[in-house]
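S.K.: Data file my_file20.pdb (PDB, C-alpha atoms) is appended below.
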```pdb
ATOM      1  CA  MET A   8      45.040 -22.635  30.559  1.00  0.00           C
ATOM      2  CA  ASP A   9      47.436 -25.486  31.285  1.00  0.00           C
ATOM      3  CA  PHE A  10      51.217 -25.171  31.450  1.00  0.00           C
ATOM      4  CA  ARG A  11      51.906 -26.519  27.935  1.00  0.00           C
ATOM      5  CA  ARG A  12      49.411 -24.166  26.334  1.00  0.00           C
ATOM      6  CA  SER A  13      50.789 -21.245  28.350  1.00  0.00           C
ATOM      7  CA  HIS A  14      54.357 -22.152  27.429  1.00  0.00           C
ATOM      8  CA  PHE A  15      53.393 -22.496  23.753  1.00  0.00           C
ATOM      9  CA  PHE A  16      51.722 -19.081  23.800  1.00  0.00           C
ATOM     10  CA  LEU A  17      54.662 -17.414  25.565  1.00  0.00           C
ATOM     11  CA  SER A  18      57.125 -19.052  23.168  1.00  0.00           C
ATOM     12  CA  THR A  19      55.272 -18.390  19.916  1.00  0.00           C
ATOM     13  CA  GLY A  20      52.735 -15.649  20.622  1.00  0.00           C
ATOM     14  CA  GLU A  21      50.057 -17.967  19.192  1.00  0.00           C
ATOM     15  CA  PHE A  22      47.318 -20.015  20.794  1.00  0.00           C
ATOM     16  CA  ARG A  23      47.621 -23.768  20.496  1.00  0.00           C
ATOM     17  CA  GLY A  24      44.667 -25.444  18.834  1.00  0.00           C
ATOM     18  CA  VAL A  25      42.173 -27.660  20.590  1.00  0.00           C
ATOM     19  CA  LEU A  26      43.187 -31.290  21.075  1.00  0.00           C
ATOM     20  CA  ALA A  27      41.589 -33.841  18.795  1.00  0.00           C
ATOM     21  CA  LEU A  28      38.913 -35.925  20.493  1.00  0.00           C
ATOM     22  CA  GLU A  29      41.014 -39.076  20.095  1.00  0.00           C
ATOM     23  CA  LYS A  30      43.897 -37.420  21.933  1.00  0.00           C
ATOM     24  CA  VAL A  31      41.615 -36.356  24.792  1.00  0.00           C
ATOM     25  CA  ARG A  32      40.293 -39.925  24.982  1.00  0.00           C
ATOM     26  CA  ASP A  33      43.800 -41.375  25.088  1.00  0.00           C
ATOM     27  CA  ILE A  34      44.963 -38.921  27.764  1.00  0.00           C
ATOM     28  CA  MET A  35      41.950 -39.596  29.968  1.00  0.00           C
ATOM     29  CA  ARG A  36      42.214 -43.356  29.557  1.00  0.00           C
ATOM     30  CA  ALA A  37      45.936 -43.394  30.351  1.00  0.00           C
ATOM     31  CA  HIS A  38      45.364 -41.157  33.355  1.00  0.00           C
ATOM     32  CA  LEU A  39      42.664 -43.435  34.783  1.00  0.00           C
ATOM     33  CA  GLU A  40      44.669 -46.593  34.133  1.00  0.00           C
ATOM     34  CA  ASP A  41      47.654 -45.009  35.902  1.00  0.00           C
ATOM     35  CA  LEU A  42      45.449 -44.159  38.886  1.00  0.00           C
ATOM     36  CA  TYR A  43      44.152 -47.747  39.063  1.00  0.00           C
ATOM     37  CA  ALA A  44      47.701 -49.096  38.838  1.00  0.00           C
ATOM     38  CA  LEU A  45      49.025 -46.720  41.498  1.00  0.00           C
ATOM     39  CA  TYR A  46      46.198 -46.981  44.025  1.00  0.00           C
ATOM     40  CA  GLY A  47      44.613 -50.341  43.218  1.00  0.00           C
ATOM     41  CA  ASP A  48      41.131 -50.802  41.867  1.00  0.00           C
ATOM     42  CA  GLU A  49      38.996 -49.648  44.805  1.00  0.00           C
ATOM     43  CA  THR A  50      40.959 -46.544  45.809  1.00  0.00           C
ATOM     44  CA  GLY A  51      41.902 -45.852  42.177  1.00  0.00           C
ATOM     45  CA  VAL A  52      38.235 -45.592  41.220  1.00  0.00           C
ATOM     46  CA  ARG A  53      37.587 -43.174  44.085  1.00  0.00           C
ATOM     47  CA  VAL A  54      40.593 -41.014  43.175  1.00  0.00           C
ATOM     48  CA  ALA A  55      39.585 -41.137  39.499  1.00  0.00           C
ATOM     49  CA  ARG A  56      36.174 -39.712  40.425  1.00  0.00           C
ATOM     50  CA  LYS A  57      37.830 -36.483  41.499  1.00  0.00           C
ATOM     51  CA  HIS A  58      39.830 -36.282  38.284  1.00  0.00           C
ATOM     52  CA  LEU A  59      36.826 -37.093  36.096  1.00  0.00           C
ATOM     53  CA  SER A  60      34.896 -34.390  37.871  1.00  0.00           C
ATOM     54  CA  TRP A  61      37.674 -31.926  37.031  1.00  0.00           C
ATOM     55  CA  TYR A  62      37.801 -33.013  33.383  1.00  0.00           C
ATOM     56  CA  PHE A  63      34.079 -32.621  32.855  1.00  0.00           C
ATOM     57  CA  ARG A  64      33.652 -29.475  34.911  1.00  0.00           C
ATOM     58  CA  GLN A  65      35.429 -27.701  32.037  1.00  0.00           C
ATOM     59  CA  HIS A  66      32.779 -28.858  29.546  1.00  0.00           C
ATOM     60  CA  PRO A  67      29.320 -27.383  30.150  1.00  0.00           C
ATOM     61  CA  GLY A  68      26.475 -29.737  29.321  1.00  0.00           C
ATOM     62  CA  GLN A  69      28.330 -32.809  30.604  1.00  0.00           C
ATOM     63  CA  GLU A  70      26.972 -32.721  34.148  1.00  0.00           C
ATOM     64  CA  ALA A  71      24.817 -35.860  33.722  1.00  0.00           C
ATOM     65  CA  LEU A  72      27.781 -37.856  32.413  1.00  0.00           C
ATOM     66  CA  ARG A  73      30.022 -36.559  35.174  1.00  0.00           C
ATOM     67  CA  ASN A  74      27.439 -37.445  37.803  1.00  0.00           C
ATOM     68  CA  ARG A  75      27.177 -41.004  36.456  1.00  0.00           C
ATOM     69  CA  LEU A  76      30.963 -41.465  36.212  1.00  0.00           C
ATOM     70  CA  VAL A  77      31.542 -40.455  39.820  1.00  0.00           C
ATOM     71  CA  THR A  78      29.129 -43.040  41.212  1.00  0.00           C
ATOM     72  CA  ILE A  79      30.648 -46.084  39.517  1.00  0.00           C
ATOM     73  CA  GLU A  80      32.411 -48.637  41.722  1.00  0.00           C
ATOM     74  CA  THR A  81      34.800 -50.546  39.391  1.00  0.00           C
ATOM     75  CA  PRO A  82      37.567 -49.585  36.958  1.00  0.00           C
ATOM     76  CA  VAL A  83      36.004 -51.613  34.130  1.00  0.00           C
ATOM     77  CA  GLU A  84      32.654 -49.838  34.494  1.00  0.00           C
ATOM     78  CA  GLN A  85      34.304 -46.437  34.866  1.00  0.00           C
ATOM     79  CA  LEU A  86      36.470 -46.846  31.778  1.00  0.00           C
ATOM     80  CA  SER A  87      33.665 -48.436  29.764  1.00  0.00           C
ATOM     81  CA  MET A  88      31.287 -45.561  30.444  1.00  0.00           C
ATOM     82  CA  LEU A  89      33.980 -42.985  29.720  1.00  0.00           C
ATOM     83  CA  LEU A  90      35.059 -44.648  26.481  1.00  0.00           C
ATOM     84  CA  GLU A  91      31.441 -45.086  25.380  1.00  0.00           C
ATOM     85  CA  GLN A  92      31.406 -41.325  25.072  1.00  0.00           C
ATOM     86  CA  PHE A  93      34.142 -41.677  22.467  1.00  0.00           C
ATOM     87  CA  ASN A  94      32.488 -44.668  20.735  1.00  0.00           C
ATOM     88  CA  THR A  95      35.360 -46.887  21.821  1.00  0.00           C
ATOM     89  CA  GLY A  96      35.423 -50.258  23.537  1.00  0.00           C
ATOM     90  CA  VAL A  97      37.475 -50.996  26.609  1.00  0.00           C
ATOM     91  CA  GLN A  98      39.820 -53.825  27.352  1.00  0.00           C
ATOM     92  CA  TYR A  99      41.020 -53.336  30.901  1.00  0.00           C
ATOM     93  CA  LEU A 100      42.533 -56.204  32.816  1.00  0.00           C
ATOM     94  CA  SER A 101      42.956 -55.631  36.510  1.00  0.00           C
ATOM     95  CA  VAL A 102      46.312 -56.912  37.708  1.00  0.00           C
ATOM     96  CA  HIS A 103      46.010 -55.256  41.107  1.00  0.00           C
ATOM     97  CA  SER A 104      43.062 -57.169  42.627  1.00  0.00           C
TER      98      SER A 104
END
```
Now, as a test, write the supplied structure out as structure tokens.
M.R.:
Amino acid sequence: MDFRRSHFFLSTGEFRGVLALEKVRDIMRAHLEDLYALYGDETGVRVARKHLSWYFRQHPGQEALRNRLVTIETPVEQLSMLLEQFNTGVQYLSVHS
């Protein structure tokens, strides 16, 4: 349980509902784009692999997707494959290369 969900439960005594798929997509995309911006494309992709592995470890049945995502070499490919899972296109422009 993450901090916000724990705080919500302790404050209200109720469990917070599951995030909408679009919200999960937006959080993951923003997180990856921040990693690429912070570390640059090459290192950002490698760091993102660890985070993607964490995201998908929590969702049984997603091992094949996780395994594919962690072998990709470029931000565009990584984001494209991730967003494909949400039926969304990607428009990522690298400004760090």
S.K.: Just so the selection is clear, what residues does the PyMOL selection byres ((chain A and resi 28) around 12) cover here, as a PyMOL selection string?
M.R.: chain A and resi 25-27+29-35+90+92-95
S.K.: What is the distance, in Å and to one decimal place, between atom CA of Gln85 of chain A and atom CA of Arg64 of chain A?
M.R.: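 Computed distance, atom CA of Gln85 of chain A to atom CA of Arg64 of chain A, equals 17.0 Å.
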S.K.: So which residues get picked by the PyMOL selection byres ((chain A and resi 48) around 12) here, written as number ranges by chain?
M.R.: A: 39-47, 49-55, 79-86, 99-104
S.K.: Find the spatial neighbours of Arg23 of chain A, counting all atoms listed in the file, within a cut-off of 10 Å - ignore same-chain residues fewer than 6 positions away - and output them as a ChimeraX atom specification.
M.R.: /A:11-16
S.K.: For atom CA of Leu72 of chain A and atom CA of Ala37 of chain A, determine how far apart the two atoms are, in Å to one decimal place.
M.R.: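 These two atoms are separated by 19.1 Å.
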S.K.: So how far away is atom CA of Gly24 of chain A from atom CA of Ser60 of chain A, in Å?
M.R.: 23.2 Å
S.K.: Box time for segment 40-48 of chain A: axis-aligned, enclosing all its listed atoms, 4 Å extra on each side; report centre and edge lengths in Å to one decimal, as lines of an AutoDock Vina configuration file.
M.R.:
```
center_x = 45.1
center_y = -47.5
center_z = 39.1
size_x = 15.9
size_y = 14.6
size_z = 17.9
```
